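Asks: The following block contains the structure, expressed as structure tokens.
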There are 2 protein chains.
Amino acid sequence: MSVFKPLDPLLHSQLRLAVMSLLISVEEAEFTFLKEKTEATAGNLSVQLDKLEKAGYIGIEKSFKGKRPLTTCRITQAGVKAFEEYVENLRNYIE
Amino acid sequence: MSVFKPLDPLLHSQLRLAVMSLLISVEEAEFTFLKEKTEATAGNLSVQLDKLEKAGYIGIEKSFKGKRPLTTCRITQAGVKAFEEYVENLRNYIE
DNA sequence: TTAAAATAGTTTATAATGTAAACCAATTTA
DNA sequence: TAAATTGGTTTACATTATAAACTATTTTAA
């Protein structure tokens, strides 16, 4: 795409991009935090987190907070790199 | 979506965004020009131009250049506004 | 004490979307 | 005059996004 470099389809998705945007600044976030901030449904969020994990862009750790399940996410180095590249490529479209 | 304003799905598409990006600067472009610049297939481009037109974001004029068909596109005011809003909203995700 | 509601998710079904392949019609080239 | 090129459109298919339905546990209320 000449000046229009391809945009990583994994990141070019509203919800996944929002999640990555959050994770890149906090470096660790619970499922419920992401759900509140993105205002996504739990189901949708769950699916998108899976995809990001399978891509190696985030790590997901499942544990317990007291007796309730707790899902903690953090961005990986590959995730940071992919995000930065995505943003860089995107600039050619919007500037 | 709190700080994450919804991204116009019509613009949140690589090819359509590239087209809008081109049209916003040139204000008039032929089908073949858009095809070259975006490196899209003709079929894909045709479909996406249709969508942008139906949304009122671009105008499409069909005529003839000599004896060959000629499709000319230009962005509308609604298109400019939508694009600017999209970019504005997107910033919250990537900055 | 037990039924209802809330929490914290996952799985699944469906609709929407993006894309290339196939196609059409005319024109140019060999 | 047959083959290739131009300038597209239509259609079929695979991928994606999303909500709805579901599971499992825990807390609250009657």
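Each chain in the structure tokens gets a letter, A, B, ..., in the order shown, and its residues are numbered from 1; ligands are numbered from 1 in order too.
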Using only C-alpha atoms (C1' of nucleotides) and a distance of at most 9 Å, pull out the residues of chain B that contact chain D, as a list in words.

Replies: Phe31, Thr32, Ala42, Gly43, Ser46, Val47, Arg68, Pro69, Leu70 and Thr71 of chain B

Asks: Give the strand (DSSP E) residues of chain B, as DSSP finds them on the backbone, and put them as number ranges by chain.

Replies: B: 29-30, 58-65, 68-75

Asks: Residues of chain C near chain B: apply a cut-off of 10 Å, count only C-alpha atoms (C1' of nucleotides), and supply the list as a PyMOL selection string.

Replies: chain C and resi 17-21+26-27

Asks: Pull out every residue of chain A sitting within 12 Å of chain B, counting only C-alpha atoms, and send them as a ChimeraX atom specification.

Replies: /A:1-9,11-25,34-41,80,83-95

Asks: For the structure I just gave you, how does DSSP split region 4-36 of chain B - specifically, which residues are alpha helix (DSSP H)? Reply as a PyMOL selection string.

Replies: chain B and resi 14-26+31-36

Asks: Take the residues just selected and output them with all heavy atoms as a short mmCIF file (atom, residue, chain, number, x, y, z; two decimals), in the first residue's frame.

Replies:
data_model
loop_
_atom_site.label_atom_id
_atom_site.label_comp_id
_atom_site.auth_asym_id
_atom_site.auth_seq_id
_atom_site.Cartn_x
_atom_site.Cartn_y
_atom_site.Cartn_z
N GLN B 14 -9.17 -0.25 6.73
CA GLN B 14 -7.92 0.18 6.11
C GLN B 14 -8.12 0.83 4.74
O GLN B 14 -7.63 1.94 4.50
CB GLN B 14 -7.00 -1.04 5.98
CG GLN B 14 -5.61 -0.66 5.54
CD GLN B 14 -4.65 -1.80 5.73
OE1 GLN B 14 -4.74 -2.54 6.69
NE2 GLN B 14 -3.72 -1.94 4.82
N LEU B 15 -8.83 0.15 3.87
CA LEU B 15 -8.97 0.67 2.52
C LEU B 15 -9.82 1.94 2.46
O LEU B 15 -9.45 2.93 1.82
CB LEU B 15 -9.54 -0.41 1.59
CG LEU B 15 -9.70 0.00 0.13
CD1 LEU B 15 -8.47 0.66 -0.44
CD2 LEU B 15 -10.10 -1.20 -0.71
N ARG B 16 -10.95 1.93 3.16
CA ARG B 16 -11.80 3.12 3.11
C ARG B 16 -11.09 4.32 3.74
O ARG B 16 -11.21 5.44 3.26
CB ARG B 16 -13.14 2.84 3.80
CG ARG B 16 -14.04 1.93 2.99
CD ARG B 16 -15.47 1.94 3.51
NE ARG B 16 -15.58 1.50 4.88
CZ ARG B 16 -15.78 0.26 5.25
NH1 ARG B 16 -15.91 -0.71 4.34
NH2 ARG B 16 -15.87 -0.06 6.52
N LEU B 17 -10.33 4.06 4.79
CA LEU B 17 -9.59 5.15 5.42
C LEU B 17 -8.54 5.70 4.47
O LEU B 17 -8.34 6.91 4.37
CB LEU B 17 -8.95 4.65 6.71
CG LEU B 17 -8.34 5.74 7.61
CD1 LEU B 17 -9.40 6.71 8.09
CD2 LEU B 17 -7.62 5.11 8.80
N ALA B 18 -7.87 4.81 3.76
CA ALA B 18 -6.86 5.25 2.80
C ALA B 18 -7.50 6.10 1.71
O ALA B 18 -6.97 7.16 1.34
CB ALA B 18 -6.16 4.04 2.19
N VAL B 19 -8.64 5.68 1.23
CA VAL B 19 -9.35 6.44 0.19
C VAL B 19 -9.71 7.83 0.72
O VAL B 19 -9.45 8.84 0.05
CB VAL B 19 -10.63 5.69 -0.24
CG1 VAL B 19 -11.54 6.61 -1.05
CG2 VAL B 19 -10.29 4.44 -1.03
N MET B 20 -10.27 7.87 1.90
CA MET B 20 -10.66 9.16 2.47
C MET B 20 -9.44 10.05 2.68
O MET B 20 -9.48 11.25 2.46
CB MET B 20 -11.39 8.94 3.79
CG MET B 20 -12.74 8.27 3.63
SD MET B 20 -13.95 9.28 2.76
CE MET B 20 -14.45 10.39 4.08
N SER B 21 -8.36 9.43 3.12
CA SER B 21 -7.12 10.15 3.34
C SER B 21 -6.64 10.79 2.04
O SER B 21 -6.18 11.94 2.03
CB SER B 21 -6.07 9.17 3.87
OG SER B 21 -4.83 9.80 4.01
N LEU B 22 -6.75 10.06 0.95
CA LEU B 22 -6.35 10.61 -0.35
C LEU B 22 -7.30 11.72 -0.78
O LEU B 22 -6.88 12.80 -1.19
CB LEU B 22 -6.35 9.49 -1.40
CG LEU B 22 -5.22 8.47 -1.29
CD1 LEU B 22 -5.48 7.27 -2.18
CD2 LEU B 22 -3.89 9.12 -1.65
N LEU B 23 -8.59 11.44 -0.66
CA LEU B 23 -9.58 12.39 -1.16
C LEU B 23 -9.57 13.70 -0.38
O LEU B 23 -9.88 14.76 -0.92
CB LEU B 23 -10.98 11.77 -1.14
CG LEU B 23 -11.22 10.66 -2.17
CD1 LEU B 23 -12.65 10.18 -2.09
CD2 LEU B 23 -10.89 11.15 -3.57
N ILE B 24 -9.24 13.61 0.89
CA ILE B 24 -9.28 14.84 1.69
C ILE B 24 -8.20 15.82 1.25
O ILE B 24 -8.33 17.03 1.44
CB ILE B 24 -9.18 14.53 3.20
CG1 ILE B 24 -9.99 15.57 3.97
CG2 ILE B 24 -7.75 14.48 3.66
CD1 ILE B 24 -10.25 15.21 5.39
N SER B 25 -7.15 15.32 0.63
CA SER B 25 -6.10 16.25 0.20
C SER B 25 -6.24 16.64 -1.26
O SER B 25 -5.89 17.75 -1.64
CB SER B 25 -4.72 15.65 0.47
OG SER B 25 -4.66 14.33 -0.01
N VAL B 26 -6.72 15.72 -2.11
CA VAL B 26 -6.79 16.09 -3.52
C VAL B 26 -8.15 16.65 -3.95
O VAL B 26 -8.24 17.36 -4.93
CB VAL B 26 -6.41 14.92 -4.45
CG1 VAL B 26 -5.03 14.43 -4.12
CG2 VAL B 26 -7.44 13.82 -4.40
N PHE B 31 -10.87 6.72 -10.28
CA PHE B 31 -10.83 5.34 -9.78
C PHE B 31 -9.42 4.74 -9.91
O PHE B 31 -8.89 4.20 -8.95
CB PHE B 31 -11.83 4.50 -10.56
CG PHE B 31 -11.99 3.10 -10.07
CD1 PHE B 31 -13.00 2.77 -9.17
CD2 PHE B 31 -11.13 2.09 -10.49
CE1 PHE B 31 -13.15 1.47 -8.71
CE2 PHE B 31 -11.27 0.79 -10.03
CZ PHE B 31 -12.28 0.48 -9.14
N THR B 32 -8.84 4.88 -11.06
CA THR B 32 -7.53 4.27 -11.30
C THR B 32 -6.43 4.89 -10.42
O THR B 32 -5.52 4.19 -9.99
CB THR B 32 -7.12 4.43 -12.78
OG1 THR B 32 -7.27 5.80 -13.14
CG2 THR B 32 -8.03 3.60 -13.66
N PHE B 33 -6.57 6.17 -10.16
CA PHE B 33 -5.62 6.83 -9.26
C PHE B 33 -5.72 6.23 -7.86
O PHE B 33 -4.71 5.86 -7.24
CB PHE B 33 -5.90 8.33 -9.22
CG PHE B 33 -5.10 9.09 -8.19
CD1 PHE B 33 -3.80 9.50 -8.46
CD2 PHE B 33 -5.66 9.39 -6.95
CE1 PHE B 33 -3.06 10.19 -7.51
CE2 PHE B 33 -4.92 10.08 -5.99
CZ PHE B 33 -3.62 10.48 -6.27
N LEU B 34 -6.94 6.11 -7.39
CA LEU B 34 -7.15 5.54 -6.05
C LEU B 34 -6.65 4.10 -6.00
O LEU B 34 -6.05 3.66 -5.01
CB LEU B 34 -8.64 5.59 -5.69
CG LEU B 34 -9.23 6.99 -5.55
CD1 LEU B 34 -10.74 6.91 -5.31
CD2 LEU B 34 -8.56 7.76 -4.41
N LYS B 35 -6.89 3.39 -7.08
CA LYS B 35 -6.47 1.99 -7.14
C LYS B 35 -4.94 1.89 -7.04
O LYS B 35 -4.42 1.06 -6.30
CB LYS B 35 -6.97 1.38 -8.44
CG LYS B 35 -6.67 -0.10 -8.61
CD LYS B 35 -7.47 -0.67 -9.77
CE LYS B 35 -7.13 -2.13 -10.02
NZ LYS B 35 -5.76 -2.34 -10.45
N GLU B 36 -4.26 2.73 -7.78
CA GLU B 36 -2.79 2.71 -7.75
C GLU B 36 -2.26 3.07 -6.36
O GLU B 36 -1.40 2.38 -5.81
CB GLU B 36 -2.22 3.72 -8.74
CG GLU B 36 -1.98 3.15 -10.11
CD GLU B 36 -1.73 4.25 -11.14
OE1 GLU B 36 -1.05 5.24 -10.79
OE2 GLU B 36 -2.24 4.13 -12.27
#
